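The data block below is final-v8.txt; it holds compact mmCIF, C-alpha atoms.
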```
# COMPACT_ATOMS: atom_id res chain seq x y z
CA MET V 15 -11.04 -22.19 11.58
CA THR V 16 -12.48 -25.35 10.02
CA MET V 17 -13.78 -25.71 6.49
CA ARG V 18 -16.40 -28.25 5.47
CA ARG V 19 -15.42 -30.28 2.42
CA ASN V 20 -18.20 -28.86 0.22
CA GLU V 21 -17.97 -25.31 1.51
CA SER V 22 -17.26 -22.71 -1.15
CA MET V 23 -14.09 -20.64 -1.25
CA HIS V 24 -16.24 -17.52 -0.90
CA THR V 25 -17.80 -18.80 2.33
CA PHE V 26 -14.38 -19.74 3.69
CA THR V 27 -12.99 -16.30 2.77
CA MET V 28 -15.84 -14.38 4.39
CA GLU V 29 -15.76 -16.41 7.60
CA ALA V 30 -11.97 -16.21 7.83
CA ALA V 31 -11.85 -12.46 7.24
CA PHE V 32 -14.74 -11.37 9.45
CA ALA V 33 -14.76 -13.90 12.28
CA HIS V 34 -13.81 -11.26 14.87
CA ASP V 35 -15.71 -8.24 13.58
CA GLY V 36 -17.35 -6.08 16.23
CA GLU V 37 -14.96 -7.04 19.00
CA GLY V 38 -12.87 -4.58 21.00
CA THR V 39 -13.09 -0.90 21.91
CA ALA V 40 -15.54 1.10 19.80
CA ASN V 41 -15.13 4.67 21.08
CA THR V 42 -12.17 6.99 20.80
CA SER V 43 -10.49 8.95 23.56
CA PRO V 44 -7.38 11.16 23.71
CA SER V 45 -5.40 8.34 25.30
CA SER V 46 -6.52 5.79 22.69
CA VAL V 47 -5.47 8.10 19.85
CA VAL V 48 -2.02 8.53 21.37
CA SER V 49 -1.81 4.77 21.92
CA VAL V 50 -2.66 4.00 18.28
CA MET V 51 0.01 6.39 17.05
CA ALA V 52 2.60 4.91 19.40
CA ASN V 53 1.68 1.35 18.41
CA ALA V 54 1.90 2.17 14.71
CA LYS V 55 5.37 3.67 15.06
CA SER V 56 6.75 0.85 17.24
CA THR V 57 5.21 -1.96 15.17
CA PHE V 58 6.22 -0.56 11.78
CA PRO V 59 9.46 1.44 12.28
CA GLY V 60 10.10 3.98 9.54
CA ILE V 61 6.47 4.91 8.85
CA VAL V 62 5.55 8.44 7.84
CA THR V 63 2.12 10.04 7.87
CA ALA V 64 0.25 10.04 4.57
CA ARG V 65 0.31 13.84 4.53
CA GLN V 66 4.03 13.94 5.14
CA LEU V 67 4.51 11.31 2.46
CA ALA V 68 2.80 13.43 -0.19
CA ARG V 69 4.70 16.57 0.83
CA SER V 70 8.00 14.70 0.90
CA LEU V 71 7.48 13.20 -2.56
CA ASP V 72 7.04 16.68 -3.99
CA VAL V 73 10.13 17.99 -2.19
CA ILE V 74 12.35 15.10 -3.31
CA LEU V 75 11.08 14.55 -6.84
CA GLU V 76 10.86 18.18 -7.99
CA PRO V 77 14.66 18.60 -8.27
CA HIS V 78 14.69 15.46 -10.45
CA GLY V 79 12.32 17.05 -12.95
CA PHE V 80 9.02 15.71 -11.62
CA LYS V 81 6.69 18.69 -11.89
CA LYS V 82 3.26 18.53 -10.28
CA GLU V 83 1.66 19.78 -13.48
CA THR V 84 3.19 17.11 -15.73
CA THR V 85 3.52 14.11 -13.39
CA LEU V 86 0.87 11.44 -13.86
CA LEU V 87 0.09 9.70 -10.56
CA ALA V 88 -0.75 5.98 -10.70
CA THR V 89 -1.74 3.86 -7.70
CA SER V 90 -2.17 0.18 -6.99
CA PHE V 91 -3.97 0.03 -3.65
CA CYS V 92 -6.68 -2.21 -2.25
CA CYS V 93 -10.29 -1.38 -3.14
CA ASP V 94 -11.05 -1.09 0.62
CA GLU V 95 -12.38 2.40 1.42
CA VAL V 96 -9.74 2.90 4.13
CA SER V 97 -7.09 2.87 1.40
CA ARG V 98 -8.44 6.08 -0.11
CA ASP V 99 -6.98 8.43 2.52
CA THR V 100 -3.40 8.03 1.31
CA GLU V 101 -4.59 8.31 -2.27
CA ASP V 102 -6.39 11.56 -1.40
CA GLU V 103 -3.21 13.06 0.05
CA LEU V 104 -1.29 12.14 -3.10
CA ARG V 105 -4.02 13.61 -5.31
CA ASP V 106 -3.82 16.88 -3.40
CA ILE V 107 -0.31 17.20 -4.82
CA TYR V 108 -0.51 15.52 -8.24
CA GLY V 109 -4.18 15.65 -9.21
CA GLN V 110 -6.28 12.77 -10.55
CA ASN V 111 -4.73 9.32 -10.41
CA PHE V 112 -4.65 6.32 -12.70
CA SER V 113 -5.79 3.34 -10.59
CA PHE V 114 -4.74 -0.20 -11.46
CA GLY V 115 -5.03 -2.11 -8.16
CA GLY V 116 -7.33 -4.94 -7.16
CA ILE V 117 -8.09 -6.65 -3.86
CA GLY V 118 -5.26 -6.46 -1.37
CA GLY V 119 -3.56 -3.85 -3.56
CA PHE V 120 -2.23 -6.31 -6.15
CA PRO V 121 -1.71 -4.78 -9.63
CA PHE V 122 -4.32 -7.06 -11.14
CA SER V 123 -4.99 -4.74 -14.10
CA GLY V 124 -1.74 -6.09 -15.45
CA CYS V 125 0.13 -5.24 -18.64
CA THR V 126 -2.88 -3.75 -20.37
CA ALA V 127 -3.29 -1.10 -17.66
CA ILE V 128 0.41 -0.32 -17.37
CA GLY V 129 0.69 -0.12 -21.15
CA ALA V 130 -2.20 2.34 -21.20
CA LEU V 131 -0.64 4.31 -18.34
CA CYS V 132 2.58 4.70 -20.33
CA HIS V 133 0.62 6.18 -23.22
CA HIS V 134 -1.31 8.53 -20.91
CA VAL V 135 1.79 10.35 -19.69
CA ALA V 136 2.03 13.81 -21.21
CA PRO V 137 4.78 14.53 -23.78
CA ASN V 138 7.91 15.39 -21.80
CA GLY V 139 6.01 14.34 -18.66
CA GLN V 140 6.80 12.07 -15.75
CA CYS V 141 5.07 9.18 -13.98
CA LEU V 142 4.80 8.36 -10.27
CA ILE V 143 3.64 4.85 -9.38
CA VAL V 144 2.69 4.18 -5.75
CA TYR V 145 1.70 0.67 -4.70
CA GLY V 146 1.43 -1.71 -1.79
CA PRO V 147 -0.80 -3.61 0.63
CA HIS V 148 -2.44 -2.24 3.75
CA VAL V 149 -2.85 -3.25 7.37
CA GLY V 150 -4.96 -1.85 10.19
CA ILE V 151 -4.32 -1.07 13.85
CA ASP V 152 -7.38 -0.60 16.06
CA PHE V 153 -7.92 1.34 19.29
CA ASP V 154 -6.82 -1.71 21.30
CA GLY V 155 -3.54 -1.96 19.40
CA VAL V 156 -4.57 -5.10 17.51
CA VAL V 157 -2.72 -5.38 14.20
CA GLY V 158 -4.92 -6.61 11.36
CA LYS V 159 -8.05 -4.79 12.53
CA VAL V 160 -9.31 -1.22 12.29
CA ASN V 161 -12.25 0.75 13.67
CA ARG V 162 -14.61 1.76 10.88
CA PRO V 163 -17.13 4.63 11.25
CA GLY V 164 -20.53 3.50 12.49
CA HIS V 165 -19.37 0.04 13.59
CA GLN V 166 -19.18 -1.36 17.10
CA GLY V 167 -15.69 -2.56 17.87
CA SER V 168 -13.26 -3.13 15.01
CA GLY V 169 -13.02 -5.30 11.92
CA ALA V 170 -10.55 -7.03 9.65
CA CYS V 171 -8.01 -4.97 7.70
CA CYS V 172 -6.89 -6.18 5.22
CA ASN V 173 -9.61 -8.83 4.93
CA THR V 174 -8.13 -10.22 1.69
CA ALA V 175 -4.74 -10.75 3.34
CA LEU V 176 -6.20 -12.21 6.52
CA ALA V 177 -8.40 -14.63 4.58
CA SER V 178 -5.35 -15.74 2.58
CA LEU V 179 -3.40 -16.24 5.81
CA GLU V 180 -6.16 -18.54 7.08
CA TYR V 181 -6.04 -20.39 3.76
CA VAL V 182 -2.28 -20.89 4.14
CA LYS V 183 -2.78 -22.23 7.67
CA ALA V 184 -5.49 -24.63 6.49
CA VAL V 185 -3.39 -25.99 3.64
CA LYS V 186 -0.36 -26.46 5.89
CA GLU V 187 -2.54 -28.32 8.39
CA GLY V 188 -3.33 -30.79 5.64
CA ARG V 189 -6.95 -29.86 5.06
CA THR V 190 -8.41 -30.54 1.64
CA ILE V 191 -9.82 -27.30 0.28
CA HIS V 192 -11.44 -26.96 -3.10
CA SER V 193 -9.89 -23.97 -4.86
CA PRO V 194 -12.00 -22.58 -7.72
CA ASP V 195 -10.71 -22.34 -11.28
CA PRO V 196 -8.35 -19.32 -11.31
CA SER V 197 -9.80 -18.31 -14.68
CA ASP V 198 -13.22 -17.73 -13.10
CA PRO V 199 -13.46 -13.96 -12.44
CA MET V 200 -15.82 -14.58 -9.49
CA THR V 201 -12.90 -15.51 -7.20
CA ALA V 202 -9.82 -15.21 -9.42
CA GLN V 203 -8.13 -12.43 -7.43
CA GLN V 204 -8.54 -14.15 -4.05
CA VAL V 205 -7.30 -17.44 -5.49
CA PHE V 206 -4.21 -15.65 -6.84
CA VAL V 207 -3.44 -14.05 -3.45
CA ASN V 208 -3.95 -17.39 -1.66
CA ASN V 209 -1.46 -19.12 -3.96
CA ALA V 210 1.03 -16.24 -3.82
CA LEU V 211 1.11 -16.31 -0.02
CA LEU V 212 1.57 -20.09 0.05
CA GLU V 213 5.12 -19.44 -1.17
CA HIS V 214 5.70 -17.46 2.04
CA SER V 215 4.06 -19.96 4.40
CA ASP V 216 7.16 -20.64 6.51
CA ARG V 217 7.88 -16.99 7.32
CA LEU V 218 4.20 -16.37 8.09
CA LEU V 219 3.64 -19.39 10.31
CA GLN V 220 6.97 -19.04 12.13
CA ALA V 221 6.66 -15.30 12.78
CA ASP V 222 6.20 -14.02 16.35
CA ASN V 223 3.10 -12.19 15.11
CA SER V 224 1.79 -13.40 11.76
CA ALA V 225 -0.52 -10.38 11.48
CA VAL V 226 2.54 -8.10 11.54
CA GLU V 227 4.52 -10.26 9.11
CA LEU V 228 1.54 -10.56 6.75
CA PRO V 229 1.74 -7.10 5.08
CA TYR V 230 5.48 -7.57 4.50
CA ALA V 231 4.80 -10.87 2.73
CA MET V 232 1.96 -9.28 0.76
CA TYR V 233 4.30 -6.47 -0.30
CA ASP V 234 6.94 -8.92 -1.54
CA CYS V 235 4.31 -10.74 -3.61
CA MET V 236 3.05 -7.47 -5.11
CA ASP V 237 6.51 -6.12 -5.81
CA SER V 238 7.39 -9.32 -7.66
CA LEU V 239 4.22 -9.14 -9.78
CA LEU V 240 4.70 -5.47 -10.62
CA LYS V 241 8.29 -6.17 -11.67
CA ARG V 242 7.04 -8.85 -14.08
CA ILE V 243 4.54 -6.39 -15.53
CA LEU V 244 7.10 -3.59 -15.93
CA ASP V 245 9.62 -5.97 -17.48
CA LYS V 246 6.98 -6.81 -20.08
CA CYS V 247 5.90 -3.22 -20.78
CA LEU V 248 9.25 -1.40 -20.66
CA PRO V 249 10.74 -0.11 -22.88
CA ARG V 250 8.13 -1.04 -25.47
CA ASP V 251 5.29 1.17 -24.17
CA LEU V 252 7.08 4.03 -22.41
CA PRO V 253 8.52 6.99 -24.35
CA GLU V 254 12.28 7.23 -24.07
CA ASN V 255 12.30 10.60 -22.32
CA VAL V 256 9.78 9.70 -19.57
CA PRO V 257 11.19 8.89 -16.10
CA VAL V 258 9.18 6.79 -13.67
CA ALA V 259 9.32 7.09 -9.88
CA LEU V 260 8.40 3.83 -8.14
CA LEU V 261 7.24 4.02 -4.54
CA GLY V 262 6.34 0.72 -2.91
CA GLY V 263 5.37 0.19 0.69
CA VAL V 264 2.68 -0.64 3.21
CA GLN V 265 -0.29 1.54 4.12
CA VAL V 266 -1.01 1.50 7.86
CA ASN V 267 -4.67 2.32 8.43
CA THR V 268 -5.83 3.74 11.76
CA PRO V 269 -9.19 4.74 13.28
CA GLU V 270 -10.78 8.12 12.64
CA GLY V 271 -9.03 10.94 14.47
CA THR V 272 -5.56 9.47 14.03
CA PRO V 273 -3.13 9.95 11.12
CA GLU V 274 -2.88 7.47 8.27
CA TYR V 275 0.64 6.14 7.77
CA PHE V 276 2.79 4.68 5.00
CA LEU V 277 5.87 2.51 5.41
CA PRO V 278 8.17 3.07 2.40
CA LYS V 279 9.95 -0.09 1.26
CA LYS V 280 11.21 1.03 -2.16
CA PHE V 281 11.60 4.46 -3.73
CA GLU V 282 13.57 4.79 -6.91
CA ILE V 283 13.57 6.52 -10.27
CA VAL V 284 13.88 4.30 -13.34
CA ASN V 285 14.30 5.13 -17.03
CA HIS V 286 12.21 3.90 -19.95
CA LYS V 287 14.08 0.59 -19.87
CA GLY V 288 13.34 0.06 -16.18
CA GLU V 289 16.96 0.69 -15.20
CA VAL V 290 17.40 2.30 -11.79
CA LEU V 291 18.74 5.86 -12.03
CA GLN V 292 18.33 6.97 -8.42
CA ASP V 293 17.60 5.17 -5.13
CA LEU V 294 15.82 7.73 -2.96
CA LEU V 295 14.43 5.56 -0.15
CA SER V 296 16.58 6.94 2.67
CA ALA V 297 15.96 10.51 1.51
CA LEU V 298 12.19 9.91 1.61
CA ILE V 299 12.24 8.46 5.11
CA ASP V 300 14.41 11.33 6.36
CA GLU V 301 12.24 13.99 4.74
CA GLY V 302 9.05 12.29 5.87
CA ASN V 303 10.09 12.38 9.51
CA LYS V 304 11.02 16.05 9.60
CA ASN V 305 9.07 18.38 11.87
CA VAL V 306 6.59 20.15 9.59
CA LYS V 307 6.03 23.03 12.01
CA GLN V 308 9.74 23.77 12.09
CA ILE V 309 9.90 23.61 8.28
CA MET V 310 7.03 26.09 7.96
CA LEU V 311 8.56 28.44 10.53
CA HIS V 312 11.87 28.33 8.67
CA LYS V 313 10.15 29.17 5.37
CA ARG V 314 8.33 32.09 6.96
CA ARG V 315 11.57 33.45 8.40
CA ILE V 316 13.16 33.31 4.94
CA GLU V 317 10.11 35.00 3.34
CA ASN V 318 10.08 37.73 5.98
CA ALA V 319 13.82 38.29 5.57
CA GLU V 320 13.39 38.65 1.79
CA LYS V 321 10.60 41.20 2.26
CA ALA V 322 12.59 43.28 4.75
```
Would you give me this structure, written as structure tokens?
Amino acid sequence: MTMRRNESMHTFTMEAAFAHDGEGTANTSPSSVVSVMANAKSTFPGIVTARQLARSLDVILEPHGFKKETTLLATSFCCDEVSRDTEDELRDIYGQNFSFGGIGGFPFSGCTAIGALCHHVAPNGQCLIVYGPHVGIDFDGVVGKVNRPGHQGSGACCNTALASLEYVKAVKEGRTIHSPDPSDPMTAQQVFVNNALLEHSDRLLQADNSAVELPYAMYDCMDSLLKRILDKCLPRDLPENVPVALLGGVQVNTPEGTPEYFLPKKFEIVNHKGEVLQDLLSALIDEGNKNVKQIMLHKRRIENAEKA
């Protein structure tokens, strides 16, 4: 895409993100649902459904002292409405969440929000922080797009990430693009994401599919920023007896009628100093891919045996 010299960053962002809106298959069918699920699993190996994710977190964290009643859930997800499904599943387990994410899912609320979060945790409580970018897969299997209710075809997902990818391409092609003052709140978050992804330009532009590589690069940028924030806030703001579970990964958004997915990239428990106490990533992936029907049948057999 070209950018006129005097064109605003906002215009560039909107055109880059939504250039292909409305294209592709609009209506669902049994075969398209199966195809989306298969594409999601093959494109992002290790994903678990959002519902399984929430259940698995409870199963794994409870033995480590994370009680549903005393665990404060905090999320840093994109403001896009499709990012709410995973949040809803987590809230079904842990109740209301503290939200500190901005566009793309970046923890733009910064140290002030994390400092407040630390003070919101109940005495002798626990904290679960879940964060990461998101990416869509539409009925045609296109990564970086998703079918939204009421729309013909599919549209960009995540539009922030895709606009930043186009910005990276433009800069690397040698185009002169006016970037607004990063202190101006009108475009500050998009400018930050653009500059963050520039550091990953080689991996993005050399990837077999830049739309697939994009959420991984976004995650690395977010993880780095969150680490800076936590290093600043811990141990100063967090009570000594409060453990924090950090779950970072990529949300995979799908059309209505198909499961929402999450690709875990990091899952660990840290103490009030930010020191890692437990690495639970493999346990989460294993638990998240268990057959729920078999688990429920097993529980019922145990309950029936106890009643007999």
Shortest interatomic distance to Lys279 (chain V) - which of V:Gly124, V:Pro257, V:Pro147, V:Gly169, counting all atoms listed in the file: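 Closest candidate: V:Pro147.
Reported to one decimal place, the separation of CA of Gly302 (chain V) from CA of Leu131 (chain V) is 27.3 Å.
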Within 12 Å of Cys92 (chain V) using all atoms listed in the file, minus same-chain residues under 2 positions, as number ranges by chain: V: 89-90, 94-101, 113-122, 144-149, 171-175, 203, 232-233, 236, 264-265, 267
Keeping only C-alpha atoms, write the selected residues as a PDB file, in the frame of the given file.
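Generated file (part36.pdb):
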```pdb
ATOM      1  CA  THR V  89      -1.740   3.860  -7.700  1.00  0.00           C
ATOM      2  CA  SER V  90      -2.170   0.180  -6.990  1.00  0.00           C
ATOM      3  CA  ASP V  94     -11.050  -1.090   0.620  1.00  0.00           C
ATOM      4  CA  GLU V  95     -12.380   2.400   1.420  1.00  0.00           C
ATOM      5  CA  VAL V  96      -9.740   2.900   4.130  1.00  0.00           C
ATOM      6  CA  SER V  97      -7.090   2.870   1.400  1.00  0.00           C
ATOM      7  CA  ARG V  98      -8.440   6.080  -0.110  1.00  0.00           C
ATOM      8  CA  ASP V  99      -6.980   8.430   2.520  1.00  0.00           C
ATOM      9  CA  THR V 100      -3.400   8.030   1.310  1.00  0.00           C
ATOM     10  CA  GLU V 101      -4.590   8.310  -2.270  1.00  0.00           C
ATOM     11  CA  SER V 113      -5.790   3.340 -10.590  1.00  0.00           C
ATOM     12  CA  PHE V 114      -4.740  -0.200 -11.460  1.00  0.00           C
ATOM     13  CA  GLY V 115      -5.030  -2.110  -8.160  1.00  0.00           C
ATOM     14  CA  GLY V 116      -7.330  -4.940  -7.160  1.00  0.00           C
ATOM     15  CA  ILE V 117      -8.090  -6.650  -3.860  1.00  0.00           C
ATOM     16  CA  GLY V 118      -5.260  -6.460  -1.370  1.00  0.00           C
ATOM     17  CA  GLY V 119      -3.560  -3.850  -3.560  1.00  0.00           C
ATOM     18  CA  PHE V 120      -2.230  -6.310  -6.150  1.00  0.00           C
ATOM     19  CA  PRO V 121      -1.710  -4.780  -9.630  1.00  0.00           C
ATOM     20  CA  PHE V 122      -4.320  -7.060 -11.140  1.00  0.00           C
ATOM     21  CA  VAL V 144       2.690   4.180  -5.750  1.00  0.00           C
ATOM     22  CA  TYR V 145       1.700   0.670  -4.700  1.00  0.00           C
ATOM     23  CA  GLY V 146       1.430  -1.710  -1.790  1.00  0.00           C
ATOM     24  CA  PRO V 147      -0.800  -3.610   0.630  1.00  0.00           C
ATOM     25  CA  HIS V 148      -2.440  -2.240   3.750  1.00  0.00           C
ATOM     26  CA  VAL V 149      -2.850  -3.250   7.370  1.00  0.00           C
ATOM     27  CA  CYS V 171      -8.010  -4.970   7.700  1.00  0.00           C
ATOM     28  CA  CYS V 172      -6.890  -6.180   5.220  1.00  0.00           C
ATOM     29  CA  ASN V 173      -9.610  -8.830   4.930  1.00  0.00           C
ATOM     30  CA  THR V 174      -8.130 -10.220   1.690  1.00  0.00           C
ATOM     31  CA  ALA V 175      -4.740 -10.750   3.340  1.00  0.00           C
ATOM     32  CA  GLN V 203      -8.130 -12.430  -7.430  1.00  0.00           C
ATOM     33  CA  MET V 232       1.960  -9.280   0.760  1.00  0.00           C
ATOM     34  CA  TYR V 233       4.300  -6.470  -0.300  1.00  0.00           C
ATOM     35  CA  MET V 236       3.050  -7.470  -5.110  1.00  0.00           C
ATOM     36  CA  VAL V 264       2.680  -0.640   3.210  1.00  0.00           C
ATOM     37  CA  GLN V 265      -0.290   1.540   4.120  1.00  0.00           C
ATOM     38  CA  ASN V 267      -4.670   2.320   8.430  1.00  0.00           C
TER      39      ASN V 267
END
```
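Closest approach to Phe281 (chain V) among V:Leu75, V:Val50, V:Leu240, V:Ala88: V:Leu75, based on all atoms listed in the file.
Separating CA of Val284 (chain V) from CA of Pro249 (chain V) is a distance of 11.0 Å.
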Using all atoms listed in the file, which of the listed residues (V:Asp198, V:Val258, V:Asn53, V:Phe206) sits closest to Thr85 (chain V)?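 Of V:Asp198, V:Val258, V:Asn53, V:Phe206, the one nearest Thr85 (chain V), counting all atoms listed in the file, is V:Val258.
Here the question is which of V:Ile191, V:Ile299, V:Ala170, V:Ala127 gets nearest to Gly36 (chain V) using all atoms listed in the file, and that residue is V:Ala170.
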Contacts of Ile61 (chain V) within 6 Å, all atoms listed in the file, excl. fewer than 2 positions in-chain, as a count of residues only: 3
Calculated over only C-alpha atoms, which of the candidates V:His286, V:Val156, V:Ser296, V:Asp106 has the smallest distance to Pro253 (chain V)?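 Of the candidates, the smallest distance to Pro253 (chain V) is held by V:His286.
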Considering all atoms listed in the file, state which residue in the set V:Val62, V:Leu261, V:Leu291, V:Ile243 is at the smallest distance from Ile128 (chain V).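 Comparing V:Val62, V:Leu261, V:Leu291, V:Ile243 against Ile128 (chain V), the winner is V:Ile243.
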Mind giving me the straight-line distance from CA of Tyr275 (chain V) to CA of Ala64 (chain V) in Å, one decimal? 5.1 Å
Show me the residues close to (-12.8, -18.8, 8.0) - anything with an atom within 12 Å, counting all atoms listed in the file - and format the list as a VMD selection string. chain V and resid 15 to 18 21 to 34 173 to 174 176 to 184 191
For Gln166 (chain V), work out the shell of residues within 12 Å, counting all atoms listed in the file and skipping chain neighbours fewer than 3 positions away, then give it as a PyMOL selection string. chain V and resi 34-42+152-153+160-163+169
